[in-house]
Structure formats: structure tokens, C-alpha cells
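For reference, final09.txt is printed below; it contains compact mmCIF, C-alpha atoms.
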# COMPACT_ATOMS: atom_id res chain seq x y z
CA MET A 1071 19.88 -8.19 17.41
CA VAL A 1072 19.81 -5.65 14.58
CA ASN A 1073 17.27 -2.81 14.83
CA LEU A 1074 15.57 -3.18 11.46
CA SER A 1075 13.43 -0.08 11.96
CA LYS A 1076 16.49 1.98 11.01
CA LEU A 1077 16.44 0.53 7.49
CA PRO A 1078 15.16 2.81 4.71
CA LEU A 1079 11.49 2.37 3.88
CA ILE A 1080 12.29 0.98 0.44
CA ILE A 1081 14.34 -1.84 1.99
CA ARG A 1082 11.53 -2.60 4.45
CA LEU A 1083 9.04 -2.74 1.55
CA VAL A 1084 11.24 -5.29 -0.19
CA LEU A 1085 11.80 -7.42 2.91
CA LEU A 1086 8.20 -7.69 4.09
CA PRO A 1087 6.72 -9.83 1.31
CA LEU A 1088 9.75 -12.12 1.41
CA THR A 1089 9.47 -12.92 5.10
CA GLY A 1090 5.93 -14.24 5.40
CA CYS A 1091 6.28 -13.47 9.10
CA ASP A 1092 3.80 -11.10 10.73
CA THR A 1093 6.00 -10.59 13.77
CA LEU A 1094 8.73 -9.07 11.63
CA HIS A 1095 6.36 -6.29 10.58
CA SER A 1096 6.28 -4.83 14.07
CA LYS A 1097 10.00 -5.44 14.62
CA ILE A 1098 10.95 -3.29 11.66
CA GLY A 1099 8.42 -0.58 12.47
CA PHE A 1100 6.41 -0.97 9.28
CA ASN A 1101 3.04 -0.96 10.96
CA GLU A 1102 1.79 -0.82 14.49
CA GLN A 1103 -1.43 -2.72 13.85
CA THR A 1104 -1.92 -6.44 14.13
CA PRO A 1105 -3.27 -8.24 11.07
CA GLN A 1106 -6.56 -9.02 12.85
CA GLN A 1107 -7.29 -5.47 14.05
CA ASN A 1108 -10.88 -4.24 13.57
CA GLY A 1109 -12.05 -7.84 13.25
CA HIS A 1110 -10.47 -8.23 9.80
CA SER A 1111 -7.47 -10.27 8.75
CA TYR A 1112 -5.21 -8.98 5.98
CA PRO A 1113 -2.01 -10.57 4.65
CA GLY A 1114 0.91 -8.83 6.30
CA GLY A 1115 -1.30 -6.71 8.53
CA THR A 1116 -1.28 -3.80 6.12
CA LYS A 1117 -4.88 -2.62 6.22
CA ASN A 1118 -4.66 1.14 6.08
CA LEU A 1119 -7.50 3.00 7.80
CA GLY A 1120 -9.73 0.42 9.44
CA ALA A 1121 -12.97 -1.31 8.56
CA MET A 1122 -14.52 1.60 6.63
CA SER A 1123 -11.79 1.91 3.98
CA THR A 1124 -12.49 1.30 0.31
CA PHE A 1125 -8.99 0.00 -0.46
CA GLU A 1126 -6.48 -2.36 1.15
CA PHE A 1127 -2.77 -1.92 0.46
CA SER A 1128 0.08 -4.37 0.81
CA PRO A 1129 3.73 -4.01 -0.19
CA ARG A 1130 5.12 -6.22 -2.94
CA TRP A 1131 8.58 -7.11 -4.01
CA LYS A 1132 10.54 -4.59 -6.17
CA ASP A 1133 9.01 -1.29 -5.07
CA LEU A 1134 5.40 -2.17 -5.83
CA VAL A 1135 2.17 -1.90 -3.83
CA THR A 1136 -0.87 -4.10 -4.38
CA CYS A 1137 -4.18 -2.24 -4.07
CA ARG A 1138 -7.36 -4.23 -3.52
CA GLY A 1139 -10.70 -2.55 -3.97
CA PRO A 1140 -14.36 -3.29 -4.52
CA GLY A 1141 -13.90 -4.45 -8.12
CA GLY A 1142 -10.57 -6.26 -7.99
CA SER A 1143 -6.92 -5.37 -7.60
CA PHE A 1144 -4.11 -3.54 -9.34
CA ILE A 1145 -0.47 -2.71 -8.63
CA LEU A 1146 1.19 0.69 -8.31
CA ASP A 1147 4.80 1.75 -8.22
CA SER A 1148 5.65 2.24 -4.57
CA GLY A 1149 5.24 5.82 -3.43
CA SER A 1150 3.53 7.17 -6.53
CA LEU A 1151 0.08 7.56 -8.01
CA PRO A 1152 -0.73 8.91 -11.49
CA THR A 1153 -2.49 12.25 -11.78
CA GLU A 1154 -6.28 11.99 -11.94
CA ILE A 1155 -6.30 12.59 -15.71
CA VAL A 1156 -3.72 9.87 -16.36
CA TRP A 1157 -5.44 7.59 -13.84
CA LYS A 1158 -8.60 7.59 -15.96
CA GLU A 1159 -6.54 6.27 -18.89
CA LYS A 1160 -4.55 3.63 -16.99
CA ALA A 1161 -6.86 2.43 -14.20
CA PRO A 1162 -9.03 -0.68 -14.28
CA SER A 1163 -12.54 0.28 -15.41
CA TRP A 1164 -14.08 -0.31 -11.98
CA ALA A 1165 -11.57 2.07 -10.33
CA LYS A 1166 -11.57 5.01 -12.76
CA LYS A 1167 -13.97 7.12 -10.67
CA LEU A 1168 -12.33 6.20 -7.35
CA TRP A 1169 -9.14 8.28 -7.77
CA PRO A 1170 -10.03 10.83 -5.02
CA VAL A 1171 -10.75 8.02 -2.52
CA LEU A 1172 -7.66 6.07 -3.56
CA LYS A 1173 -5.47 9.17 -3.22
CA GLU A 1174 -6.78 9.98 0.26
CA GLU A 1175 -6.44 6.43 1.56
CA LEU A 1176 -3.04 5.88 -0.04
CA GLU A 1177 -1.72 9.15 1.41
CA ALA A 1178 -2.86 8.05 4.88
CA TRP A 1179 -1.32 4.59 4.41
CA TYR A 1180 2.04 6.06 3.49
CA LYS A 1181 1.86 8.66 6.26
CA GLU A 1182 1.33 5.87 8.81
CA ARG A 1183 4.60 4.39 7.55
CA GLY A 1184 6.59 7.62 7.59
CA ALA A 1185 6.56 8.06 3.82
CA GLN A 1186 4.94 10.43 1.36
CA LEU A 1187 2.79 9.72 -1.69
CA ILE A 1188 3.92 11.44 -4.88
CA ILE A 1189 1.39 12.32 -7.58
CA ASP A 1190 3.22 11.81 -10.86
CA GLU A 1191 1.76 11.56 -14.37
CA ARG A 1192 4.50 9.01 -15.20
CA ALA A 1193 3.48 6.61 -12.41
CA SER A 1194 2.54 3.14 -13.60
CA VAL A 1195 -0.58 1.10 -12.97
CA TYR A 1196 -0.34 -2.65 -13.52
CA HIS A 1197 -3.43 -4.81 -13.87
CA GLU A 1198 -3.43 -8.23 -12.23

For the file at hand, write its structure as C-alpha cells.
Amino acid sequence: MVNLSKLPLIIRLVLLPLTGCDTLHSKIGFNEQTPQQNGHSYPGGTKNLGAMSTFEFSPRWKDLVTCRGPGGSFILDSGSLPTEIVWKEKAPSWAKKLWPVLKEELEAWYKERGAQLIIDERASVYHE
């Protein structure tokens, strides 16, 4: 059996949404939590900080991350978040004032996965 946890994070991010298999998540070391932890169920088991978080994050195909929040969802380039000034121009209206919370929760989510969030004014925000 191949140890998939040795694969680069970017490859794991691409593989996860294609598998549809929760058991693969733990096999490749993407997250240590089960999808039902804290009494909540999230596709792919990718809830970031527990029941008190504002946002939920889940990897998507082609280096993207879906972010679900109190007013809807949007997609970010994997590993990057626009600066706060750019965020206010690109973000969905309901999320414009939530940049500090999003940044904190996204940093923690990436840290749990052995990656780092980059704040970059060129980062994209896609509306669903």
C-alpha cells in the first residue's frame, strides 16, 4: 500500500474531492477529525475549528477552497486570501466585514493541514 501522506499538499487537495471517500482523508493525513466530530457532519470532514466557527472550509478540485459562512459561500484560490482592502472589493456583500474572522479561521485550517495561508492582493475570490 502506498503511503499517501507523503504526497504534497496540493496533490492531496486535488485528490480529496475526487474520491468521495471519507476514509481516504485520514489515510492521506489531510485531517485527523471525523466528519461527525462535535455533533456536526460536513462533506469530507473538513470543518476547521469546531462548533463555534463562523466558516467551514472544504477543498475543491484545481487548487480551490470552498468557504461557507453565515450568508452563503464563495471560493478562494488554495492557500491565499486577498488583503483586507482588496477583500472589501471582491468579497460577497455579506462577508465584507468578516475578513478578520475569515483570516484567523483560514490560517488555523491550513495550519492543521501543515500548510500556510498567504495574504496576497492578487488572490481571487469566486462567487458561487

One number please: CA of Gly1139 (chain A) to CA of Phe1125 (chain A), in Å, one decimal.
4.7 Å

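Taking CA of Leu1168 (chain A) and CA of Ala1185 (chain A) as endpoints, the distance between them is 22.0 Å.
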
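Coordinates place CA of Gly1141 (chain A) at a distance of 8.8 Å from CA of Ser1163 (chain A).
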
Ranking A:Ser1128, A:Ser1143, A:Gln1186, A:Ser1148 by minimum distance to Ala1165 (chain A) and counting all atoms listed in the file, which one comes first?
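Going through A:Ser1128, A:Ser1143, A:Gln1186, A:Ser1148 one by one, the smallest distance to Ala1165 (chain A) is for A:Ser1143.
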
Under the rule that only C-alpha atoms are counted, which of A:Lys1166, A:Arg1130, A:Lys1181, A:Arg1138 is the nearest residue to Pro1152 (chain A)?
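Closest residue, counting only C-alpha atoms: A:Lys1166.
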
List the neighbours of Val1156 (chain A) out to 10 Å using only C-alpha atoms; skip same-chain residues closer than 4 positions along the sequence, and give me the result as an mmCIF file with C-alpha atoms, in the frame of the given file.
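Result saved to selection39.cif:
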data_model
loop_
_atom_site.group_PDB
_atom_site.id
_atom_site.type_symbol
_atom_site.label_atom_id
_atom_site.label_comp_id
_atom_site.auth_asym_id
_atom_site.auth_seq_id
_atom_site.Cartn_x
_atom_site.Cartn_y
_atom_site.Cartn_z
ATOM 1 C CA LEU A 1151 0.080 7.560 -8.010
ATOM 2 C CA PRO A 1152 -0.730 8.910 -11.490
ATOM 3 C CA LYS A 1160 -4.550 3.630 -16.990
ATOM 4 C CA ALA A 1161 -6.860 2.430 -14.200
ATOM 5 C CA LYS A 1166 -11.570 5.010 -12.760
ATOM 6 C CA ASP A 1190 3.220 11.810 -10.860
ATOM 7 C CA GLU A 1191 1.760 11.560 -14.370
ATOM 8 C CA ARG A 1192 4.500 9.010 -15.200
ATOM 9 C CA ALA A 1193 3.480 6.610 -12.410
ATOM 10 C CA SER A 1194 2.540 3.140 -13.600
ATOM 11 C CA VAL A 1195 -0.580 1.100 -12.970
#

Taking only C-alpha atoms into account, name the residue in A:Glu1198, A:Leu1187, A:Ser1123, A:Leu1172 that is nearest to Thr1136 (chain A).
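When distances to Thr1136 (chain A) are compared using only C-alpha atoms, the smallest one comes from A:Glu1198.
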
Within 8 Å of file point (4.4, -3.1, -1.9), counting all atoms listed in the file, expressed as number ranges by chain
A: 1083-1084, 1087, 1127-1136, 1147-1148
